[in-house]
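Everything below belongs to coords-v2.txt, which stores compact mmCIF, C-alpha atoms and all ligand atoms.
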```
# COMPACT_ATOMS: atom_id res chain seq x y z
CA MET A 1 0.00 0.00 0.00
CA ASN A 2 1.55 3.32 -0.90
CA ASN A 3 1.57 6.25 1.45
CA LEU A 4 -1.14 8.24 -0.31
CA GLU A 5 -3.52 5.26 -0.33
CA PHE A 6 -3.00 4.68 3.38
CA MET A 7 -3.42 8.39 4.15
CA TYR A 8 -6.70 8.40 2.22
CA ILE A 9 -8.09 5.56 4.40
CA GLN A 10 -6.74 7.25 7.55
CA SER A 11 -8.52 10.50 6.65
CA LEU A 12 -11.77 8.67 5.82
CA LEU A 13 -11.81 6.98 9.24
CA LEU A 14 -10.98 10.23 11.03
CA GLU A 15 -13.54 12.31 9.19
CA LYS A 16 -16.48 9.86 9.32
CA LEU A 17 -15.92 8.07 12.65
CA GLY A 18 -13.34 10.11 14.56
CA ILE A 19 -11.04 7.09 14.58
CA SER A 20 -7.32 7.68 14.51
CA LEU A 21 -5.47 4.88 12.71
CA GLU A 22 -1.79 4.57 13.60
CA ASP A 23 0.81 4.49 10.82
CA SER A 24 1.76 0.97 11.92
CA LYS A 25 -1.71 -0.34 10.94
CA GLU A 26 -1.06 -0.45 7.20
CA TYR A 27 -1.14 -4.27 7.16
CA LEU A 28 -4.61 -4.15 8.76
CA VAL A 29 -5.96 -1.89 6.05
CA GLN A 30 -4.62 -4.18 3.34
CA SER A 31 -6.00 -7.37 4.87
CA ARG A 32 -9.43 -5.88 5.51
CA LEU A 33 -9.82 -4.06 2.19
CA ASN A 34 -8.71 -6.82 -0.16
CA PRO A 35 -11.88 -8.93 0.38
CA ILE A 36 -14.08 -5.85 -0.26
CA ALA A 37 -12.18 -5.07 -3.47
CA GLN A 38 -12.57 -8.64 -4.67
CA ALA A 39 -16.29 -8.76 -3.78
CA HIS A 40 -16.72 -5.74 -6.07
CA GLY A 41 -14.85 -7.31 -8.98
CA MET A 42 -11.61 -5.38 -8.42
CA ASN A 43 -8.16 -6.94 -8.20
CA ASN A 44 -7.06 -5.58 -4.83
CA TYR A 45 -7.11 -2.64 -2.39
CA HIS A 46 -5.06 -0.47 -4.79
CA ASP A 47 -7.96 -0.53 -7.26
CA LEU A 48 -10.49 -0.02 -4.46
CA VAL A 49 -8.78 3.09 -3.06
CA LYS A 50 -8.25 4.49 -6.55
CA TYR A 51 -11.95 3.97 -7.32
CA LEU A 52 -13.06 5.59 -4.03
CA ARG A 53 -10.84 8.64 -4.49
CA ILE A 54 -12.44 9.32 -7.85
CA ASN A 55 -16.03 8.23 -7.24
CA LYS A 56 -16.87 8.96 -3.56
CA ASP A 57 -19.24 5.97 -3.61
CA ASN A 58 -21.08 6.21 -0.25
CA THR A 59 -22.19 2.57 -0.12
CA LEU A 60 -18.65 1.39 -0.71
CA ILE A 61 -17.29 3.92 1.80
CA LYS A 62 -19.68 2.44 4.42
CA SER A 63 -18.35 -1.06 3.65
CA VAL A 64 -14.78 0.18 4.09
CA LEU A 65 -15.61 1.84 7.42
CA GLU A 66 -17.42 -1.33 8.60
CA ALA A 67 -14.41 -3.43 7.67
CA MET A 68 -12.02 -1.22 9.62
CA LEU A 69 -13.94 -1.38 12.94
CA THR A 70 -12.79 -3.61 15.79
CA HIS A 71 -15.66 -5.39 17.55
CA GLU A 72 -13.73 -7.23 20.26
CA THR A 73 -16.10 -7.86 23.18
CA TYR A 74 -17.32 -10.66 25.44
CA PHE A 75 -19.87 -11.38 28.14
CA PHE A 76 -19.14 -9.87 31.56
CA ARG A 77 -15.96 -8.24 30.25
CA ASP A 78 -14.10 -7.20 33.40
CA VAL A 79 -15.77 -9.13 36.22
CA LYS A 80 -14.72 -6.52 38.83
CA PHE A 81 -16.74 -3.92 36.97
CA TYR A 82 -19.91 -6.05 36.94
CA ASP A 83 -19.39 -6.88 40.63
CA SER A 84 -19.21 -3.15 41.43
CA LEU A 85 -22.45 -2.58 39.56
CA LYS A 86 -24.14 -5.47 41.35
CA ASP A 87 -22.90 -4.67 44.84
CA HIS A 88 -22.95 -0.86 44.83
CA VAL A 89 -24.16 1.05 41.79
CA ILE A 90 -27.45 -0.74 41.04
CA PRO A 91 -28.53 -0.89 44.74
CA GLU A 92 -27.86 2.87 45.00
CA ILE A 93 -29.87 3.63 41.85
CA ILE A 94 -32.71 1.41 43.09
CA LYS A 95 -32.74 3.40 46.33
CA ASN A 96 -32.65 6.78 44.53
CA ASN A 97 -35.36 5.83 42.04
CA ARG A 98 -37.65 3.92 44.39
CA HIS A 99 -40.50 6.39 43.82
CA THR A 100 -40.36 6.53 40.03
CA LYS A 101 -39.42 2.84 39.67
CA GLU A 102 -37.49 3.66 36.50
CA LEU A 103 -34.02 2.50 35.54
CA LYS A 104 -32.33 3.83 32.42
CA ILE A 105 -29.12 2.39 31.00
CA LEU A 106 -27.25 3.36 27.85
CA SER A 107 -24.56 1.12 26.36
CA CYS A 108 -22.54 3.11 23.80
CA ALA A 109 -20.53 1.30 21.11
CA CYS A 110 -22.08 -1.98 22.26
CA SER A 111 -20.58 -4.04 19.42
CA THR A 112 -22.37 -7.40 19.01
CA GLY A 113 -24.48 -7.11 22.18
CA GLN A 114 -22.54 -9.00 24.84
CA GLU A 115 -22.26 -5.84 27.00
CA PRO A 116 -25.97 -4.87 27.18
CA TYR A 117 -27.01 -8.54 27.49
CA SER A 118 -24.56 -9.02 30.39
CA LEU A 119 -26.28 -6.08 32.10
CA ALA A 120 -29.72 -7.56 31.42
CA ILE A 121 -28.65 -10.97 32.77
CA MET A 122 -27.01 -9.39 35.83
CA LEU A 123 -30.17 -7.41 36.66
CA THR A 124 -32.43 -10.44 36.18
CA GLU A 125 -30.18 -12.71 38.26
CA ASN A 126 -29.71 -10.37 41.20
CA PHE A 127 -32.58 -7.90 41.43
CA PRO A 128 -35.95 -9.68 41.30
CA GLU A 129 -37.58 -6.53 42.71
CA LEU A 130 -36.92 -4.84 39.34
CA ALA A 131 -39.54 -7.09 37.70
CA SER A 132 -42.15 -4.43 38.46
CA TRP A 133 -39.93 -1.52 37.29
CA ASN A 134 -39.80 0.25 34.01
CA ILE A 135 -36.35 -0.78 32.75
CA SER A 136 -34.85 0.71 29.63
CA ILE A 137 -31.53 -0.62 28.32
CA LYS A 138 -30.66 1.15 25.08
CA ALA A 139 -27.58 0.15 23.13
CA PHE A 140 -26.01 1.45 19.94
CA ASP A 141 -23.06 1.03 17.64
CA TYR A 142 -22.03 2.54 14.31
CA SER A 143 -21.69 -0.90 12.74
CA ALA A 144 -24.82 -2.20 11.03
CA ASN A 145 -23.38 -5.73 11.04
CA ALA A 146 -22.69 -5.63 14.77
CA ILE A 147 -26.18 -4.32 15.53
CA GLU A 148 -27.77 -6.99 13.34
CA LYS A 149 -25.91 -9.70 15.23
CA ALA A 150 -26.78 -8.11 18.60
CA LYS A 151 -30.46 -8.08 17.69
CA SER A 152 -30.33 -11.74 16.64
CA ALA A 153 -28.90 -12.59 20.12
CA CYS A 154 -27.41 -15.67 18.54
CA TYR A 155 -23.85 -16.62 19.51
CA THR A 156 -21.34 -19.39 18.80
CA SER A 157 -20.16 -21.81 21.51
CA TYR A 158 -16.86 -19.91 21.61
CA GLU A 159 -18.67 -16.61 22.21
CA VAL A 160 -20.95 -17.83 25.02
CA ASN A 161 -18.02 -19.54 26.69
CA ARG A 162 -16.15 -16.24 26.80
CA GLY A 163 -17.41 -14.85 30.09
CA LEU A 164 -20.48 -16.95 30.90
CA SER A 165 -20.52 -19.87 33.35
CA GLU A 166 -22.11 -23.17 32.27
CA ALA A 167 -24.93 -22.49 34.71
CA LEU A 168 -25.72 -19.11 33.10
CA ILE A 169 -25.46 -20.55 29.58
CA SER A 170 -27.96 -23.31 30.30
CA LYS A 171 -30.28 -20.98 32.21
CA TYR A 172 -30.40 -18.17 29.63
CA PHE A 173 -29.62 -19.75 26.22
CA THR A 174 -31.11 -22.45 24.04
CA ASN A 175 -28.83 -24.48 21.85
CA ASN A 176 -29.67 -25.04 18.21
CA GLY A 177 -26.79 -26.98 16.73
CA LYS A 178 -23.71 -24.78 16.64
CA HIS A 179 -25.48 -21.71 18.00
CA TRP A 180 -26.84 -20.47 21.27
CA THR A 181 -29.81 -18.11 21.34
CA LEU A 182 -30.54 -15.86 24.29
CA ARG A 183 -33.94 -16.22 26.03
CA SER A 184 -36.45 -13.81 24.51
CA ASP A 185 -37.40 -12.17 27.84
CA ILE A 186 -33.74 -11.07 28.29
CA ARG A 187 -33.38 -10.13 24.63
CA ASN A 188 -36.48 -7.95 24.85
CA LEU A 189 -34.98 -5.89 27.68
CA VAL A 190 -32.51 -4.32 25.22
CA TYR A 191 -33.41 -1.84 22.49
CA TYR A 192 -30.73 -1.52 19.76
CA PHE A 193 -30.14 1.24 17.27
CA ARG A 194 -27.38 2.46 14.95
CA ALA A 195 -25.67 5.73 15.80
CA ASN A 196 -22.36 7.49 15.42
CA LEU A 197 -20.68 8.77 18.58
CA LEU A 198 -19.67 11.89 16.63
CA GLU A 199 -23.32 12.85 16.11
CA ASN A 200 -26.35 13.53 18.30
CA LEU A 201 -28.12 10.43 19.51
CA PRO A 202 -31.71 10.02 18.35
CA ASP A 203 -34.45 9.72 21.02
CA VAL A 204 -32.18 9.15 23.99
CA SER A 205 -32.91 10.65 27.41
CA ALA A 206 -30.46 10.92 30.31
CA ALA A 207 -29.47 7.59 31.85
CA ASP A 208 -28.77 6.43 35.41
CA LEU A 209 -25.91 4.36 34.07
CA LEU A 210 -23.96 5.04 30.89
CA LEU A 211 -21.28 2.70 29.55
CA LEU A 212 -18.67 3.97 27.11
CA ARG A 213 -16.29 1.08 27.38
CA ASN A 214 -13.25 0.18 25.32
CA VAL A 215 -13.98 2.62 22.52
CA LEU A 216 -12.36 5.96 23.46
CA ILE A 217 -8.97 4.34 22.78
CA TYR A 218 -9.70 4.46 19.05
CA PHE A 219 -10.20 8.24 18.80
CA ASP A 220 -7.77 11.13 18.51
CA LEU A 221 -7.53 13.69 21.34
CA ASP A 222 -10.03 16.21 19.94
CA ASN A 223 -12.64 13.56 19.23
CA LYS A 224 -12.16 11.99 22.69
CA LYS A 225 -12.89 15.43 24.19
CA ASN A 226 -15.87 16.06 21.89
CA ILE A 227 -17.39 12.65 22.53
CA LEU A 228 -17.07 13.00 26.31
CA LYS A 229 -18.60 16.47 26.15
CA SER A 230 -21.64 15.32 24.20
CA ILE A 231 -22.05 12.02 26.05
CA GLN A 232 -22.22 13.88 29.39
CA THR A 233 -25.57 15.30 28.34
CA TYR A 234 -26.97 11.75 28.46
CA ILE A 235 -26.07 11.18 32.13
CA LYS A 236 -28.52 12.06 34.91
CA PRO A 237 -27.17 14.41 37.63
CA SER A 238 -26.92 11.45 40.04
CA GLY A 239 -25.99 8.99 37.27
CA TYR A 240 -22.75 7.13 36.55
CA LEU A 241 -20.43 6.85 33.58
CA PHE A 242 -18.07 3.90 33.21
CA LEU A 243 -15.20 3.63 30.74
CA GLY A 244 -13.14 0.54 29.97
CA SER A 245 -10.74 -0.54 32.72
CA GLY A 246 -7.68 0.93 30.94
CA GLU A 247 -9.37 4.21 29.99
CA THR A 248 -9.50 7.56 31.74
CA THR A 249 -11.00 11.05 31.39
CA LEU A 250 -7.69 12.61 32.49
CA GLY A 251 -6.82 15.57 30.27
CA LEU A 252 -10.13 15.23 28.42
CA THR A 253 -12.75 16.96 30.58
CA ASN A 254 -13.10 18.91 33.84
CA GLU A 255 -16.81 18.26 34.12
CA LEU A 256 -16.65 14.74 35.49
CA THR A 257 -15.39 13.60 38.86
CA LYS A 258 -13.85 10.22 39.50
CA VAL A 259 -15.56 7.99 42.06
CA ARG A 260 -14.01 4.85 43.44
CA ILE A 261 -16.53 2.02 43.75
CA ASN A 262 -15.02 -1.08 45.27
CA ASN A 263 -12.22 -2.11 42.89
CA CYS A 264 -13.50 -0.02 40.08
CA GLU A 265 -13.47 3.60 38.90
CA GLY A 266 -16.56 5.35 37.63
CA TYR A 267 -17.42 8.99 36.93
CA GLN A 268 -20.20 11.33 37.95
CA LEU A 269 -21.08 14.82 36.74
CA LEU A 270 -19.50 17.62 38.75
CA LEU A 271 -22.43 19.58 40.14
CA SER A 272 -21.90 23.33 39.92
C1 LIG A 301 -13.92 -2.83 21.01
S1 LIG A 301 -15.63 -2.62 20.76
C2 LIG A 301 -16.21 -2.34 22.43
C3 LIG A 301 -17.47 -3.12 22.73
C4 LIG A 301 -17.98 -3.03 24.16
N1 LIG A 301 -18.27 -1.68 24.55
C5 LIG A 301 -17.01 -3.66 25.13
O1 LIG A 301 -16.39 -2.96 25.93
O2 LIG A 301 -16.85 -4.89 25.11
C6 LIG A 301 -15.69 -0.98 20.03
C7 LIG A 301 -16.97 -0.70 19.25
O3 LIG A 301 -17.02 0.70 18.96
C8 LIG A 301 -17.72 0.86 17.74
N2 LIG A 301 -17.43 2.20 17.21
C9 LIG A 301 -16.26 2.70 16.75
N3 LIG A 301 -16.38 3.97 16.37
C10 LIG A 301 -17.68 4.33 16.60
C11 LIG A 301 -18.41 5.53 16.42
N4 LIG A 301 -17.85 6.66 15.91
N5 LIG A 301 -19.72 5.54 16.79
C12 LIG A 301 -20.30 4.43 17.31
N6 LIG A 301 -19.65 3.25 17.49
C13 LIG A 301 -18.35 3.20 17.14
C14 LIG A 301 -17.19 -0.28 16.88
O4 LIG A 301 -18.07 -0.59 15.81
C15 LIG A 301 -17.07 -1.41 17.91
O5 LIG A 301 -18.18 -2.28 17.87
```

Written as structure tokens, how would this file's structure read?
Ligand SMILES: C[S@@+](CC[C@H](N)C(=O)[O-])C[C@H]1O[C@@H](n2cnc3c(N)ncnc32)[C@H](O)[C@@H]1O
Amino acid sequence: MNNLEFMYIQSLLLEKLGISLEDSKEYLVQSRLNPIAQAHGMNNYHDLVKYLRINKDNTLIKSVLEAMLTHETYFFRDVKFYDSLKDHVIPEIIKNNRHTKELKILSCACSTGQEPYSLAIMLTENFPELASWNISIKAFDYSANAIEKAKSACYTSYEVNRGLSEALISKYFTNNGKHWTLRSDIRNLVYYFRANLLENLPDVSAADLLLLRNVLIYFDLDNKKNILKSIQTYIKPSGYLFLGSGETTLGLTNELTKVRINNCEGYQLLLS
């Protein structure tokens, strides 16, 4: 891949998704774009990039962006985090919201659904009193393919075994050959939609709990700041934000304060 071709893909990702692709990721671009080129009757990524630079074909651009996204995720990713939610955060929200009996959760960049479904399973397992509550778990991702898979709630044996115990698998999934499908009552707790973190979210009100996990790492500094600024508007004054375990708001915003919850760090809005 020559330098200009790589820079074109870098600028596409930055402009459309805010994603900053390191110079060392040239091999990744080649391996992910070759199959798209071939599916469209072209020889290789050289032809694909050349075609895109001349034609600005939006459907093909979407396929390129899709191909460049990383969807790594698994059930109950970071057990300490889910334990903190179970032992501290959810009980506190239940106490605060006992009069309205409403619980709102937003899972941003949810990939193929393991994150919001882990939340739904955790709530069902541990908080039977929520059965009479109005629970809203909304989840979104830019990737149409990831959202389609999340909605299907259908996973391979490898995927369910990443993070779920045998007891939880047999309690919440049915096996149909090679695949495992999540129980419909759990599936129906989550509402999925497609959205771009760089844009306003459609029809989303402030949440008690907002997850923005393992995605900030992909953005450049300005977009990290912009995303945090806009995402703050979707957190209730008493609500919580959680990032991935290796991520921080340090140097990105002064409007959030760090709170230590058990072995985990979350954030709350700084009240003025
Ligand atoms: C590594 S996954 C994280 C999944 C999950 N939050 C977790 O922690 O397991 C990152 C996800 O961010 C999504 N993503 C990347 N850029 C995005 C953007 N600008 N808007 C919305 N989603 C985006 C990708 O499609 C991908 O599914």

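Shortest atom-to-atom contact with Lys236 in chain A among A:Thr112, A:Asn161, A:Asn97, A:Asn223: A:Asn97, counting only C-alpha atoms.
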
Could you report the residues within 7 Å of ligand LIG 301 (chain A), using all atoms listed in the file, as number ranges by chain? A: 17-19, 69-74, 77, 108-112, 115, 140-143, 146, 195-198, 212-215, 244

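With only C-alpha atoms as the atoms that count, the minimum distance from Lys171 in chain A to the choices A:Asn134, A:Asn2, A:Thr124, A:Ser11 is reached by A:Thr124.
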
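Between Ile36 in chain A and the candidates A:Leu4, A:Val64, A:Ile121, A:Leu52, the tightest atom-to-atom separation, counting only C-alpha atoms, involves A:Val64.
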
Range 171-256 of chain A near range 147-159 of chain A within 10 Å: what's each residue's closest atom pair and its distance in Å to one decimal, counting all atoms listed in the file, ordered by chain then ascending residue number, as a Markdown table?
```
| residue | atom | partner | partner_atom | distance |
| --- | --- | --- | --- | --- |
| A:Phe173 | CA | A:Cys154 | CA | 9.0 |
| A:Thr174 | CA | A:Cys154 | CA | 9.5 |
| A:Asn175 | CA | A:Ser157 | CA | 9.1 |
| A:Asn176 | CA | A:Cys154 | CA | 9.6 |
| A:Gly177 | CA | A:Thr156 | CA | 9.6 |
| A:Lys178 | CA | A:Thr156 | CA | 6.3 |
| A:His179 | CA | A:Thr156 | CA | 4.8 |
| A:Trp180 | CA | A:Tyr155 | CA | 5.2 |
| A:Thr181 | CA | A:Cys154 | CA | 4.4 |
| A:Leu182 | CA | A:Ala153 | CA | 5.5 |
| A:Arg183 | CA | A:Ala153 | CA | 8.6 |
| A:Ser184 | CA | A:Ala153 | CA | 8.8 |
| A:Ile186 | CA | A:Ala153 | CA | 9.6 |
| A:Arg187 | CA | A:Ala153 | CA | 6.8 |
| A:Asn188 | CA | A:Lys151 | CA | 9.4 |
| A:Val190 | CA | A:Lys151 | CA | 8.7 |
| A:Tyr191 | CA | A:Lys151 | CA | 8.4 |
| A:Tyr192 | CA | A:Ile147 | CA | 6.8 |
| A:Phe193 | CA | A:Ile147 | CA | 7.0 |
| A:Arg194 | CA | A:Ile147 | CA | 6.9 |
```

Adding 4 Å on each side of the box along x, y and z that holds all listed atoms of range 11-29 of chain A, could you give its centre and edge lengths in Å to one decimal, as JSON?
```
{"center_x": -7.4, "center_y": 4.0, "center_z": 10.2, "size_x": 26.2, "size_y": 24.6, "size_z": 16.8}
```

Set the distance at 8 Å and use only C-alpha atoms: which residues neighbour range 91-93 of chain A once local chain neighbours fewer than 4 positions away are removed? I'd like the list as JSON, numbers by chain. {"A": [86, 87, 97, 103, 208]}

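Using all atoms listed in the file, the protein and nucleic acid residues lying no more than 12 Å from Glu22 in chain A, apart from those fewer than 6 places from it along its own chain, are A:Phe6, A:Met7, A:Ile9, A:Gln10, A:Ser11, A:Leu13, A:Leu14, A:Leu28, A:Val29, A:Ile217, A:Tyr218, A:Phe219, A:Asp220.
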
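Coordinates place CA of Leu269 in chain A at a distance of 25.9 Å from CA of Phe127 in chain A.
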
Could you tell me how far CA of Lys225 in chain A sits from CA of Tyr267 in chain A, in Å to one decimal place? 15.0 Å

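You will find CA of Val89 in chain A at 26.1 Å from CA of Glu166 in chain A.
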
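Of the residues under consideration (A:Ile227, A:Ala37, A:Leu60, A:Val49), A:Ile227 shows the shortest atom-to-atom contact distance to Asn200 in chain A when counting all atoms listed in the file.
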
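Nearest residue to Glu125 in chain A among A:Val79, A:Lys95, A:Tyr172, A:Ala144 is A:Tyr172, counting all atoms listed in the file.
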
Quick one: residues within 12 Å of Tyr234 in chain A, only C-alpha atoms counted, chain neighbours fewer than 5 positions away excluded, as a compact mmCIF listing (two decimals) with C-alpha atoms, in the frame of the given file?
```txt
# COMPACT_ATOMS: atom_id res chain seq x y z
CA LYS A 104 -32.33 3.83 32.42
CA ILE A 105 -29.12 2.39 31.00
CA LEU A 106 -27.25 3.36 27.85
CA SER A 107 -24.56 1.12 26.36
CA CYS A 108 -22.54 3.11 23.80
CA LYS A 138 -30.66 1.15 25.08
CA ASN A 200 -26.35 13.53 18.30
CA LEU A 201 -28.12 10.43 19.51
CA PRO A 202 -31.71 10.02 18.35
CA ASP A 203 -34.45 9.72 21.02
CA VAL A 204 -32.18 9.15 23.99
CA SER A 205 -32.91 10.65 27.41
CA ALA A 206 -30.46 10.92 30.31
CA ALA A 207 -29.47 7.59 31.85
CA ASP A 208 -28.77 6.43 35.41
CA LEU A 209 -25.91 4.36 34.07
CA LEU A 210 -23.96 5.04 30.89
CA LEU A 211 -21.28 2.70 29.55
CA LEU A 212 -18.67 3.97 27.11
CA ILE A 227 -17.39 12.65 22.53
CA LEU A 228 -17.07 13.00 26.31
CA LYS A 229 -18.60 16.47 26.15
CA GLY A 239 -25.99 8.99 37.27
CA TYR A 240 -22.75 7.13 36.55
CA LEU A 241 -20.43 6.85 33.58
CA GLN A 268 -20.20 11.33 37.95
CA LEU A 269 -21.08 14.82 36.74
```

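The nearest approach to Gly163 in chain A among the residues A:Ser118, A:Thr100, A:Pro128, A:Phe75, with all atoms listed in the file taken into account, belongs to A:Phe75.
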